[in-house]
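J.: Here you go, this is coords_33.txt (compact mmCIF, C-alpha atoms and all ligand atoms).
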# COMPACT_ATOMS: atom_id res chain seq x y z
CA MET E 1 -33.99 -97.57 130.61
CA ASP E 2 -36.25 -95.89 128.06
CA TYR E 3 -36.51 -92.48 129.72
CA ILE E 4 -38.39 -90.94 126.84
CA SER E 5 -41.27 -93.46 127.04
CA LEU E 6 -41.28 -93.10 130.81
CA ALA E 7 -41.68 -89.33 130.43
CA LYS E 8 -44.44 -89.68 127.84
CA GLU E 9 -46.37 -92.01 130.12
CA ASN E 10 -46.01 -89.91 133.25
CA PHE E 11 -45.62 -86.20 132.39
CA MET E 12 -48.47 -83.78 131.83
CA HIS E 13 -48.35 -83.12 128.11
CA THR E 14 -47.26 -79.49 128.20
CA TYR E 15 -44.17 -79.68 125.97
CA SER E 16 -43.34 -80.81 122.45
CA THR E 17 -40.09 -82.32 123.64
CA GLN E 18 -37.69 -83.64 120.99
CA GLU E 19 -36.63 -87.28 121.02
CA LEU E 20 -33.38 -86.63 122.82
CA CYS E 21 -32.47 -87.33 126.43
CA ILE E 22 -29.25 -85.70 127.66
CA ASP E 23 -26.91 -88.03 129.48
CA HIS E 24 -23.93 -85.80 130.24
CA ALA E 25 -22.28 -82.62 129.00
CA ASP E 26 -18.93 -80.87 128.74
CA GLY E 27 -17.97 -77.37 127.57
CA VAL E 28 -20.37 -76.43 124.76
CA ARG E 29 -21.32 -80.01 123.94
CA VAL E 30 -24.03 -82.31 125.29
CA TYR E 31 -24.12 -86.08 124.89
CA GLY E 32 -27.39 -87.96 124.44
CA THR E 33 -28.36 -91.31 125.91
CA ASP E 34 -28.33 -92.21 122.18
CA GLY E 35 -24.53 -92.00 122.43
CA LYS E 36 -24.35 -89.00 120.08
CA CYS E 37 -22.55 -85.69 120.68
CA TYR E 38 -24.25 -82.36 119.98
CA LEU E 39 -22.83 -78.85 119.70
CA ASP E 40 -25.23 -76.82 121.82
CA MET E 41 -26.55 -73.47 120.54
CA VAL E 42 -29.49 -73.61 122.95
CA ALA E 43 -27.69 -73.79 126.31
CA GLY E 44 -30.84 -74.77 128.20
CA ILE E 45 -32.53 -71.73 126.57
CA ALA E 46 -29.90 -69.09 127.35
CA VAL E 47 -29.25 -70.53 130.81
CA ASN E 48 -25.89 -72.32 130.74
CA ALA E 49 -23.77 -69.24 130.13
CA LEU E 50 -20.54 -70.71 131.51
CA GLY E 51 -20.89 -74.00 129.64
CA TYR E 52 -21.05 -77.53 130.97
CA ASN E 53 -18.86 -79.37 133.45
CA ASN E 54 -17.49 -76.00 134.52
CA LYS E 55 -14.86 -76.38 137.25
CA ALA E 56 -15.69 -73.16 139.15
CA ILE E 57 -19.35 -74.18 139.31
CA LYS E 58 -18.58 -77.71 140.48
CA ASP E 59 -16.16 -76.42 143.13
CA ARG E 60 -18.78 -73.98 144.41
CA VAL E 61 -21.44 -76.71 144.63
CA GLU E 62 -19.01 -78.77 146.68
CA GLU E 63 -18.19 -75.81 148.93
CA VAL E 64 -21.87 -75.20 149.72
CA MET E 65 -22.53 -78.94 150.08
CA ASN E 66 -19.82 -79.18 152.71
CA ASP E 67 -21.76 -76.75 154.90
CA GLY E 68 -24.50 -79.39 155.02
CA PHE E 69 -27.47 -77.40 153.71
CA PHE E 70 -28.82 -75.84 150.52
CA HIS E 71 -31.78 -74.05 151.99
CA VAL E 72 -32.85 -72.42 155.29
CA SER E 73 -35.84 -70.22 154.22
CA ASN E 74 -36.05 -66.46 154.53
CA LEU E 75 -36.75 -66.68 158.26
CA TYR E 76 -32.94 -66.63 158.54
CA TYR E 77 -30.03 -65.41 156.45
CA ASN E 78 -27.57 -67.60 154.63
CA LYS E 79 -24.00 -66.58 153.76
CA TRP E 80 -24.50 -66.46 149.98
CA ALA E 81 -27.63 -64.48 149.12
CA PRO E 82 -26.41 -61.23 150.75
CA GLN E 83 -23.18 -61.41 148.73
CA ALA E 84 -25.14 -62.16 145.56
CA ALA E 85 -27.46 -59.16 146.10
CA SER E 86 -24.57 -56.83 146.79
CA ARG E 87 -22.61 -57.99 143.72
CA LEU E 88 -25.72 -57.71 141.54
CA ASN E 89 -26.45 -54.18 142.72
CA ARG E 90 -22.83 -53.18 142.09
CA LEU E 91 -22.86 -54.74 138.62
CA SER E 92 -26.20 -53.25 137.53
CA GLY E 93 -26.44 -49.93 139.38
CA GLY E 94 -29.53 -51.21 141.17
CA SER E 95 -30.16 -50.71 144.88
CA GLU E 96 -32.39 -53.55 146.14
CA VAL E 97 -32.82 -57.18 145.10
CA PHE E 98 -35.64 -59.69 145.64
CA PHE E 99 -34.71 -63.28 144.83
CA ALA E 100 -37.16 -65.86 143.49
CA ASN E 101 -36.83 -68.99 141.36
CA SER E 102 -38.01 -68.27 137.82
CA GLY E 103 -38.41 -65.50 135.29
CA ALA E 104 -42.18 -65.54 135.67
CA GLU E 105 -41.85 -65.05 139.41
CA ALA E 106 -39.39 -62.18 138.96
CA ASN E 107 -41.94 -60.49 136.70
CA GLU E 108 -44.76 -61.16 139.17
CA ALA E 109 -42.71 -59.36 141.83
CA ALA E 110 -42.10 -56.48 139.41
CA LEU E 111 -45.81 -56.28 138.55
CA LYS E 112 -46.81 -56.28 142.22
CA ALA E 113 -44.19 -53.60 142.99
CA ALA E 114 -45.43 -51.45 140.10
CA ARG E 115 -49.05 -51.77 141.23
CA LYS E 116 -48.12 -51.01 144.83
CA TYR E 117 -46.37 -47.87 143.56
CA GLY E 118 -49.53 -46.99 141.61
CA SER E 119 -51.77 -47.68 144.62
CA ARG E 120 -50.57 -44.43 146.22
CA THR E 121 -52.72 -42.63 143.67
CA GLY E 122 -55.18 -45.44 142.95
CA ILE E 123 -53.88 -46.40 139.48
CA SER E 124 -53.02 -49.89 138.24
CA LYS E 125 -52.82 -50.03 134.44
CA VAL E 126 -49.65 -51.54 132.94
CA ILE E 127 -48.48 -51.16 129.35
CA SER E 128 -46.80 -54.21 127.85
CA PHE E 129 -45.97 -55.01 124.22
CA GLU E 130 -47.06 -57.19 121.35
CA HIS E 131 -44.80 -60.21 120.74
CA SER E 132 -43.40 -59.93 124.26
CA PHE E 133 -42.80 -62.89 126.55
CA HIS E 134 -42.78 -62.64 130.33
CA GLY E 135 -43.56 -66.16 131.58
CA ARG E 136 -46.47 -68.52 132.28
CA THR E 137 -47.94 -67.62 135.66
CA TYR E 138 -51.17 -65.58 135.45
CA GLY E 139 -49.62 -62.15 135.81
CA ALA E 140 -46.75 -63.07 133.53
CA ILE E 141 -48.89 -64.57 130.74
CA THR E 142 -51.16 -61.56 130.88
CA LEU E 143 -48.09 -59.33 130.47
CA THR E 144 -47.12 -61.56 127.54
CA GLY E 145 -48.53 -59.88 124.44
CA GLN E 146 -49.18 -63.03 122.43
CA GLU E 147 -52.73 -64.33 121.96
CA LYS E 148 -51.62 -67.97 121.70
CA TYR E 149 -50.55 -68.02 125.36
CA HIS E 150 -53.90 -66.62 126.58
CA LYS E 151 -56.20 -68.91 124.60
CA GLY E 152 -58.32 -71.11 126.88
CA PHE E 153 -57.17 -69.46 130.10
CA SER E 154 -59.45 -66.41 130.44
CA PRO E 155 -60.00 -64.30 132.37
CA MET E 156 -56.57 -62.71 132.35
CA VAL E 157 -55.27 -60.34 135.04
CA PRO E 158 -57.12 -57.04 134.52
CA ASP E 159 -55.76 -53.69 133.45
CA ILE E 160 -52.86 -54.75 131.21
CA VAL E 161 -52.72 -53.29 127.69
CA TYR E 162 -50.39 -53.82 124.74
CA ALA E 163 -48.53 -51.30 122.64
CA GLU E 164 -46.61 -52.03 119.46
CA TYR E 165 -42.91 -52.73 120.04
CA ASN E 166 -40.56 -50.13 118.55
CA ASN E 167 -43.51 -47.78 117.99
CA LEU E 168 -43.32 -44.87 120.42
CA GLU E 169 -46.56 -43.32 119.19
CA SER E 170 -48.46 -46.46 120.20
CA VAL E 171 -47.05 -46.10 123.74
CA LYS E 172 -48.03 -42.44 123.88
CA ALA E 173 -51.55 -43.35 122.77
CA LEU E 174 -51.95 -45.73 125.73
CA ALA E 175 -50.04 -43.79 128.42
CA ASP E 176 -52.97 -42.00 130.08
CA GLU E 177 -53.38 -41.05 133.78
CA SER E 178 -54.42 -44.58 134.75
CA VAL E 179 -51.04 -46.11 133.80
CA CYS E 180 -48.55 -46.90 136.59
CA ALA E 181 -45.93 -48.92 134.71
CA ILE E 182 -44.46 -50.01 131.38
CA ILE E 183 -42.76 -53.39 130.95
CA LEU E 184 -40.59 -54.42 128.01
CA GLU E 185 -37.71 -56.63 126.97
CA PRO E 186 -34.79 -54.50 125.67
CA VAL E 187 -34.29 -57.35 123.21
CA GLN E 188 -37.44 -59.42 122.66
CA GLY E 189 -36.45 -63.08 122.95
CA GLU E 190 -39.30 -65.56 122.51
CA GLY E 191 -41.03 -63.07 120.21
CA GLY E 192 -38.29 -63.54 117.59
CA ILE E 193 -34.98 -61.92 118.72
CA ILE E 194 -36.00 -58.31 118.12
CA PRO E 195 -33.76 -55.58 119.61
CA ALA E 196 -35.37 -52.32 120.69
CA GLU E 197 -34.51 -49.27 118.59
CA ILE E 198 -32.56 -46.65 120.48
CA GLY E 199 -35.05 -43.83 119.89
CA PHE E 200 -37.88 -46.06 121.06
CA LEU E 201 -36.19 -47.06 124.32
CA LYS E 202 -35.09 -43.48 125.09
CA GLY E 203 -38.62 -42.27 124.25
CA VAL E 204 -40.22 -44.81 126.60
CA ARG E 205 -37.81 -43.73 129.37
CA LYS E 206 -38.83 -40.10 128.77
CA ILE E 207 -42.54 -40.94 129.02
CA ALA E 208 -41.92 -42.88 132.24
CA ASP E 209 -40.00 -39.92 133.70
CA GLU E 210 -42.59 -37.33 132.70
CA ARG E 211 -45.50 -39.37 134.08
CA ASP E 212 -43.74 -40.88 137.10
CA LEU E 213 -44.27 -44.42 135.79
CA ILE E 214 -42.26 -47.48 136.82
CA LEU E 215 -40.27 -48.65 133.80
CA ILE E 216 -39.59 -52.39 134.03
CA PHE E 217 -36.98 -54.05 131.83
CA ASP E 218 -37.43 -57.80 131.57
CA CYS E 219 -33.79 -58.84 131.09
CA VAL E 220 -34.52 -62.48 131.93
CA GLN E 221 -33.04 -63.57 128.59
CA CYS E 222 -31.05 -60.51 127.45
CA GLY E 223 -29.31 -59.85 130.80
CA LEU E 224 -26.04 -61.05 132.32
CA GLY E 225 -23.64 -60.81 129.40
CA ARG E 226 -25.87 -62.45 126.80
CA THR E 227 -25.97 -59.44 124.45
CA GLY E 228 -22.32 -58.43 124.83
CA ARG E 229 -23.02 -56.07 127.74
CA ASN E 230 -23.64 -57.05 131.35
CA PHE E 231 -27.25 -55.91 130.83
CA ALA E 232 -28.86 -55.23 127.44
CA PHE E 233 -29.96 -51.72 128.44
CA GLU E 234 -26.29 -50.67 128.56
CA HIS E 235 -26.29 -50.68 124.74
CA TYR E 236 -28.85 -47.88 124.89
CA GLY E 237 -27.71 -45.76 127.84
CA VAL E 238 -31.22 -46.10 129.30
CA LYS E 239 -31.83 -47.42 132.81
CA PRO E 240 -34.94 -49.12 134.18
CA ASP E 241 -36.64 -48.53 137.53
CA ILE E 242 -37.01 -52.28 137.95
CA MET E 243 -35.11 -55.01 136.15
CA THR E 244 -35.91 -58.73 136.17
CA LEU E 245 -33.31 -61.46 135.65
CA ALA E 246 -33.44 -65.24 135.57
CA LYS E 247 -32.23 -67.83 133.04
CA ALA E 248 -28.41 -67.56 133.34
CA ILE E 249 -28.25 -66.13 136.85
CA GLY E 250 -28.15 -69.43 138.78
CA CYS E 251 -25.62 -71.19 136.50
CA GLY E 252 -28.24 -73.87 135.78
CA LEU E 253 -30.12 -73.79 139.08
CA PRO E 254 -33.51 -72.08 139.44
CA LEU E 255 -32.88 -68.50 140.54
CA SER E 256 -34.31 -65.15 139.53
CA ALA E 257 -33.93 -61.59 140.70
CA THR E 258 -36.10 -58.50 140.69
CA VAL E 259 -33.79 -55.51 141.00
CA ALA E 260 -35.15 -52.13 142.09
CA PHE E 261 -33.30 -49.03 140.95
CA GLU E 262 -33.46 -45.69 142.77
CA LYS E 263 -37.06 -44.67 141.97
CA ALA E 264 -38.43 -48.10 142.91
CA GLU E 265 -36.54 -48.39 146.21
CA GLY E 266 -38.58 -49.24 149.29
CA ILE E 267 -41.87 -50.08 147.55
CA PHE E 268 -42.29 -53.39 149.36
CA SER E 269 -42.70 -53.57 153.15
CA PRO E 270 -42.23 -56.73 155.24
CA GLY E 271 -45.01 -59.17 154.39
CA ASP E 272 -45.70 -57.72 150.91
CA HIS E 273 -43.94 -60.46 148.99
CA ALA E 274 -42.12 -63.72 149.67
CA SER E 275 -40.75 -66.96 148.26
CA THR E 276 -39.88 -70.10 150.23
CA PHE E 277 -36.92 -71.02 148.04
CA GLY E 278 -36.06 -67.48 146.91
CA GLY E 279 -32.40 -66.69 147.52
CA ASN E 280 -31.51 -70.18 148.73
CA ALA E 281 -27.87 -70.82 149.54
CA LEU E 282 -26.94 -73.05 146.62
CA SER E 283 -28.40 -71.05 143.75
CA THR E 284 -27.16 -67.70 145.04
CA ALA E 285 -23.71 -69.21 145.70
CA LEU E 286 -23.64 -70.26 142.05
CA SER E 287 -24.72 -66.81 140.86
CA LEU E 288 -21.47 -65.48 142.32
CA VAL E 289 -19.55 -67.66 139.85
CA LEU E 290 -21.33 -65.90 136.99
CA PHE E 291 -20.80 -62.46 138.55
CA ASP E 292 -17.07 -63.29 138.84
CA ALA E 293 -17.00 -64.04 135.11
CA LEU E 294 -18.87 -60.84 134.25
CA GLU E 295 -16.55 -58.75 136.42
CA GLY E 296 -13.67 -60.50 134.67
CA GLY E 297 -14.76 -59.13 131.29
CA LEU E 298 -16.94 -61.94 129.89
CA SER E 299 -19.31 -59.52 128.16
CA SER E 300 -16.68 -57.92 125.91
CA GLU E 301 -15.67 -61.40 124.72
CA VAL E 302 -19.33 -62.10 124.01
CA GLU E 303 -19.58 -58.90 121.99
CA LYS E 304 -16.65 -59.92 119.73
CA LYS E 305 -17.86 -63.49 119.29
CA GLY E 306 -21.38 -62.25 118.66
CA GLU E 307 -20.22 -59.91 115.88
CA TYR E 308 -18.32 -62.78 114.27
CA PHE E 309 -21.32 -65.10 114.56
CA LYS E 310 -23.72 -62.50 113.20
CA LYS E 311 -21.47 -61.85 110.16
CA GLY E 312 -21.61 -65.58 109.47
CA LEU E 313 -25.40 -65.59 109.71
CA GLU E 314 -25.60 -62.58 107.38
CA GLU E 315 -23.47 -64.49 104.88
CA ILE E 316 -25.84 -67.48 105.14
CA LYS E 317 -28.76 -65.13 104.58
CA ARG E 318 -27.11 -63.75 101.42
CA LYS E 319 -26.34 -67.26 100.20
CA HIS E 320 -29.91 -68.54 100.76
CA PRO E 321 -32.16 -65.55 99.99
CA ASP E 322 -35.06 -67.90 99.20
CA LYS E 323 -34.89 -69.44 102.68
CA CYS E 324 -33.78 -66.57 104.98
CA SER E 325 -35.18 -63.08 105.32
CA ALA E 326 -32.98 -61.55 108.05
CA ALA E 327 -30.16 -62.11 110.52
CA ARG E 328 -30.38 -60.04 113.69
CA GLY E 329 -29.66 -59.82 117.40
CA LEU E 330 -27.03 -58.58 119.82
CA GLY E 331 -24.02 -60.45 121.20
CA LEU E 332 -24.75 -64.15 121.50
CA MET E 333 -28.52 -63.66 121.33
CA LEU E 334 -28.98 -64.11 117.60
CA GLY E 335 -31.76 -65.02 115.23
CA LEU E 336 -31.95 -66.10 111.61
CA ASP E 337 -35.41 -65.29 110.27
CA LEU E 338 -36.47 -68.08 107.95
CA LYS E 339 -38.91 -68.35 105.06
CA VAL E 340 -39.13 -72.09 105.68
CA LYS E 341 -40.43 -73.91 108.77
CA PRO E 342 -37.91 -73.72 111.66
CA ALA E 343 -39.01 -77.17 112.96
CA ASP E 344 -37.65 -78.90 109.84
CA VAL E 345 -34.34 -76.99 110.00
CA ILE E 346 -34.03 -77.72 113.73
CA ALA E 347 -34.58 -81.46 113.18
CA ARG E 348 -32.03 -81.61 110.36
CA CYS E 349 -29.48 -79.66 112.40
CA ARG E 350 -29.96 -82.12 115.25
CA GLU E 351 -29.32 -85.03 112.91
CA ARG E 352 -26.05 -83.33 111.98
CA GLY E 353 -25.08 -82.86 115.65
CA LEU E 354 -26.21 -79.29 116.26
CA LEU E 355 -28.84 -78.17 118.77
CA VAL E 356 -30.71 -74.98 117.85
CA CYS E 357 -34.19 -73.81 118.80
CA SER E 358 -36.81 -71.46 117.42
CA ALA E 359 -38.18 -68.11 118.57
CA GLY E 360 -41.52 -66.75 117.37
CA TYR E 361 -42.96 -68.57 114.37
CA THR E 362 -40.12 -68.18 111.87
CA VAL E 363 -36.85 -67.51 113.67
CA LEU E 364 -33.97 -69.90 114.23
CA ARG E 365 -32.47 -68.85 117.57
CA PHE E 366 -28.83 -69.08 118.65
CA VAL E 367 -28.13 -68.59 122.37
CA PRO E 368 -25.02 -70.74 122.98
CA PRO E 369 -22.96 -70.90 126.15
CA LEU E 370 -21.11 -67.56 126.35
CA VAL E 371 -17.80 -69.42 126.60
CA ILE E 372 -18.13 -70.76 123.05
CA ASP E 373 -15.04 -70.70 120.77
CA TYR E 374 -14.74 -69.22 117.27
CA THR E 375 -14.19 -72.73 115.88
CA ASP E 376 -17.48 -73.88 117.45
CA ILE E 377 -19.22 -70.92 115.80
CA ASP E 378 -17.70 -71.92 112.44
CA GLU E 379 -18.94 -75.48 112.96
CA ALA E 380 -22.47 -74.32 113.76
CA LEU E 381 -22.56 -71.99 110.75
CA ALA E 382 -21.36 -74.77 108.44
CA ILE E 383 -24.09 -77.12 109.66
CA VAL E 384 -26.84 -74.51 109.25
CA ASP E 385 -25.51 -73.66 105.78
CA GLY E 386 -25.47 -77.35 104.87
CA VAL E 387 -29.04 -77.89 106.08
CA LEU E 388 -30.34 -74.84 104.20
CA SER E 389 -28.60 -76.08 101.04
CA GLU E 390 -30.27 -79.47 101.36
CA ILE E 391 -33.89 -78.35 101.87
C1 LIG A 1 -37.78 -67.23 129.68
C2 LIG A 1 -38.33 -65.89 129.92
C3 LIG A 1 -39.23 -65.63 130.96
C4 LIG A 1 -39.83 -66.72 131.82
O1 LIG A 1 -38.90 -67.36 132.60
P1 LIG A 1 -39.32 -68.71 133.41
O2 LIG A 1 -38.09 -68.99 134.23
O3 LIG A 1 -39.62 -69.75 132.38
O4 LIG A 1 -40.50 -68.39 134.22
C5 LIG A 1 -39.63 -64.32 131.16
N1 LIG A 1 -39.17 -63.33 130.40
C6 LIG A 1 -38.32 -63.53 129.38
C7 LIG A 1 -37.84 -62.39 128.57
C8 LIG A 1 -37.87 -64.83 129.10
O5 LIG A 1 -37.05 -65.03 128.08
Transcribe the structure of this file into structure tokens.
T.:
Amino acid sequence: MDYISLAKENFMHTYSTQELCIDHADGVRVYGTDGKCYLDMVAGIAVNALGYNNKAIKDRVEEVMNDGFFHVSNLYYNKWAPQAASRLNRLSGGSEVFFANSGAEANEAALKAARKYGSRTGISKVISFEHSFHGRTYGAITLTGQEKYHKGFSPMVPDIVYAEYNNLESVKALADESVCAIILEPVQGEGGIIPAEIGFLKGVRKIADERDLILIFDCVQCGLGRTGRNFAFEHYGVKPDIMTLAKAIGCGLPLSATVAFEKAEGIFSPGDHASTFGGNALSTALSLVLFDALEGGLSSEVEKKGEYFKKGLEEIKRKHPDKCSAARGLGLMLGLDLKVKPADVIARCRERGLLVCSAGYTVLRFVPPLVIDYTDIDEALAIVDGVLSEI
């Protein structure tokens, strides 16, 4: 069957999907219905942390399946979500978890919690950042500090303003008495793989402490081992009041979490927020497989592999100074800033059996499964080098 034509005829046209339909996958490789094999540096956009055809994941799916249900709603408990919340709190230092299904929803919950906190004193303004990305629902796109996502969809959610990332003075200039919260990604993902500077993040924490603001870290992409720490903020020694997670947390199933730390405990009362599917048995059962891996030391492996990968990207940058301007990132959340169009490089890499994606307008993004081998990294680097030599 021609799945691609079927999709084009029947989907709303919201994506610029590439001409590739995945048939099956194993380890760090996916196989197209075209019969070709691809080394995957995209991992479902930083989702498939434990790789494909993973035995622990398949065993857990079977275990849940044998109970005869995946979902019961939040009118009742299931066996898995309570364990997932407790493991997540232990891993992160948080104290309360709300489960939903996507990164956008996790940020909506964080935004509502921050505004509820502000409602005690009648304030509602939230500071977000330029080049940020927080999702596509109305609250989340408004938090997203990129004009292109707002165009055509006005009016946005009121009372959200944007400071310049890594510029503490611009935060100070906006942080007046009407502000109840600040939201940022410790490493900006979609905006172009831009890590926060340590002085900036510590400075934002200080402002939040002095003014009693809720500091929200959107760790949807940079959380859960991706940057070589369990959570990106651990690189900085700075903790949030609320953290949001999604992408990798459900091992490929839709799951997200909004984690409240001490200051943000107890903001929501029964009835304040809800999600039909949030915390369903199957996705939370799978999250435990990832937590097992993180408790088993996955992040330190990621840190070593990430350093190796980044060195390779820096070498490529030196070798092609006319085509690359920078290599940056943390752990296995890496970007190669290009002076040529990423779309062309991405297409040529795909022809050579490598899946990569872009971030921002100019950055080639590498977010492979965290279980990738050094030899896979070498292979990816060689393909990117070859493509840059050819264009
Ligand atoms: C992907 C992403 C989101 C949105 O997640 P969805 O699951 O697509 O709603 C939010 N924040 C960050 C930092 C992301 O990378």
J.: Counting only C-alpha atoms and all ligand atoms, which protein, DNA or RNA residues come within 8 Å of ligand LIG 1 (chain A), given as a short mmCIF file (atom, residue, chain, number, x, y, z; two decimals) with C-alpha atoms, in the coordinates of the input?
T.:
data_model
loop_
_atom_site.label_atom_id
_atom_site.label_comp_id
_atom_site.auth_asym_id
_atom_site.auth_seq_id
_atom_site.Cartn_x
_atom_site.Cartn_y
_atom_site.Cartn_z
CA ILE E 45 -32.53 -71.73 126.57
CA ASN E 101 -36.83 -68.99 141.36
CA SER E 102 -38.01 -68.27 137.82
CA GLY E 103 -38.41 -65.50 135.29
CA ALA E 104 -42.18 -65.54 135.67
CA GLU E 105 -41.85 -65.05 139.41
CA ALA E 106 -39.39 -62.18 138.96
CA ASN E 107 -41.94 -60.49 136.70
CA SER E 132 -43.40 -59.93 124.26
CA PHE E 133 -42.80 -62.89 126.55
CA HIS E 134 -42.78 -62.64 130.33
CA GLY E 135 -43.56 -66.16 131.58
CA ARG E 136 -46.47 -68.52 132.28
CA THR E 137 -47.94 -67.62 135.66
CA ALA E 140 -46.75 -63.07 133.53
CA GLU E 185 -37.71 -56.63 126.97
CA GLN E 188 -37.44 -59.42 122.66
CA GLY E 189 -36.45 -63.08 122.95
CA GLU E 190 -39.30 -65.56 122.51
CA ASP E 218 -37.43 -57.80 131.57
CA CYS E 219 -33.79 -58.84 131.09
CA VAL E 220 -34.52 -62.48 131.93
CA GLN E 221 -33.04 -63.57 128.59
CA CYS E 222 -31.05 -60.51 127.45
CA ALA E 246 -33.44 -65.24 135.57
CA LYS E 247 -32.23 -67.83 133.04
CA PRO E 254 -33.51 -72.08 139.44
CA SER E 256 -34.31 -65.15 139.53
#
J.: From the options E:Ser287, E:Ser119, E:Ser269, E:Thr375, which residue's atoms come nearest to Ala49 (chain E), counting all atoms listed in the file?
T.: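 Using all atoms listed in the file, Ala49 (chain E) sits closest to E:Ser287.
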J.: Kindly give the distance, in Å, that separates CA of Val340 (chain E) and CA of Cys324 (chain E), rounded to a single decimal.
T.: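 Interatomic distance here is 7.7 Å.
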J.: Interatomic distance between CA of Thr121 (chain E) and CA of Gly271 (chain E)?
T.: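 These atoms are spaced 21.2 Å apart.
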J.: Using only C-alpha atoms for the distances, tell me which of E:His13, E:Lys319, E:Arg120, E:Lys79 is nearest to Gly279 (chain E).
T.: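 With only C-alpha atoms as the atom set, the closest residue is E:Lys79.
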J.: Residues around (-42.2, -52.7, 122.3), cut-off 10 Å, counting only C-alpha atoms - what are they as number ranges by chain?
T.: E: 127-132, 145, 162-168, 170-171, 182-188, 194-197, 200-201, 204
J.: What's the 12 Å shell around Gly297 (chain E), counting all atoms listed in the file, without same-chain residues fewer than 4 positions away, as number ranges by chain?
T.: E: 91, 224-225, 228-230, 290-293, 301-304, 370-371
J.: Near Ala343 (chain E), counting only C-alpha atoms, which residues have an atom at most 10 Å away, once you skip same-chain residues fewer than 6 positions from it, shown as a compact mmCIF listing (two decimals) with C-alpha atoms, keeping the file's coordinate frame?
T.:
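Saved as selection.txt:
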# COMPACT_ATOMS: atom_id res chain seq x y z
CA CYS E 349 -29.48 -79.66 112.40
CA VAL E 356 -30.71 -74.98 117.85
CA CYS E 357 -34.19 -73.81 118.80
CA SER E 358 -36.81 -71.46 117.42
CA TYR E 361 -42.96 -68.57 114.37
CA THR E 362 -40.12 -68.18 111.87
CA VAL E 363 -36.85 -67.51 113.67
CA LEU E 364 -33.97 -69.90 114.23
J.: If I put a ball of radius 9 Å at (-27.2, -68.0, 141.5) in the file's coordinates, which residues poke into it when counting all atoms listed in the file, written as a list in words?
T.: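 Those within range, by chain then number, are Ala81, Ala84, Ala248, Ile249, Gly250, Cys251, Gly252, Leu253, Pro254, Leu255, Ser256, Gly279, Asn280, Ala281, Leu282, Ser283, Thr284, Ala285, Leu286, Ser287, Leu288, Val289, Leu290 and Phe291 of chain E.
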J.: Based on the selection just made, write C-alpha atoms of those residues as a JSON list (two decimals), in the coordinates of the input.
T.:
[["chain", "number", "residue", "atom", "x", "y", "z"],
["E", 81, "ALA", "CA", -27.63, -64.48, 149.12],
["E", 84, "ALA", "CA", -25.14, -62.16, 145.56],
["E", 248, "ALA", "CA", -28.41, -67.56, 133.34],
["E", 249, "ILE", "CA", -28.25, -66.13, 136.85],
["E", 250, "GLY", "CA", -28.15, -69.43, 138.78],
["E", 251, "CYS", "CA", -25.62, -71.19, 136.50],
["E", 252, "GLY", "CA", -28.24, -73.87, 135.78],
["E", 253, "LEU", "CA", -30.12, -73.79, 139.08],
["E", 254, "PRO", "CA", -33.51, -72.08, 139.44],
["E", 255, "LEU", "CA", -32.88, -68.50, 140.54],
["E", 256, "SER", "CA", -34.31, -65.15, 139.53],
["E", 279, "GLY", "CA", -32.40, -66.69, 147.52],
["E", 280, "ASN", "CA", -31.51, -70.18, 148.73],
["E", 281, "ALA", "CA", -27.87, -70.82, 149.54],
["E", 282, "LEU", "CA", -26.94, -73.05, 146.62],
["E", 283, "SER", "CA", -28.40, -71.05, 143.75],
["E", 284, "THR", "CA", -27.16, -67.70, 145.04],
["E", 285, "ALA", "CA", -23.71, -69.21, 145.70],
["E", 286, "LEU", "CA", -23.64, -70.26, 142.05],
["E", 287, "SER", "CA", -24.72, -66.81, 140.86],
["E", 288, "LEU", "CA", -21.47, -65.48, 142.32],
["E", 289, "VAL", "CA", -19.55, -67.66, 139.85],
["E", 290, "LEU", "CA", -21.33, -65.90, 136.99],
["E", 291, "PHE", "CA", -20.80, -62.46, 138.55]]
J.: If we count only C-alpha atoms, what is near Asp159 (chain E) at a cut-off of 12 Å, once residues fewer than 3 positions away on the same chain are taken out, given as JSON, numbers by chain?
T.: {"E": [111, 115, 123, 124, 125, 126, 127, 128, 139, 142, 143, 155, 156, 162, 174, 178, 179, 180, 181]}
J.: Just need the box for region 241-256 of chain E, edges along x, y and z, holding every atom the file lists for it with 4 Å tacked onto each side, so centre and edge lengths in Å to one decimal, as lines of an AutoDock Vina configuration file.
T.:
center_x = -31.3
center_y = -61.2
center_z = 136.8
size_x = 19.4
size_y = 33.3
size_z = 15.5
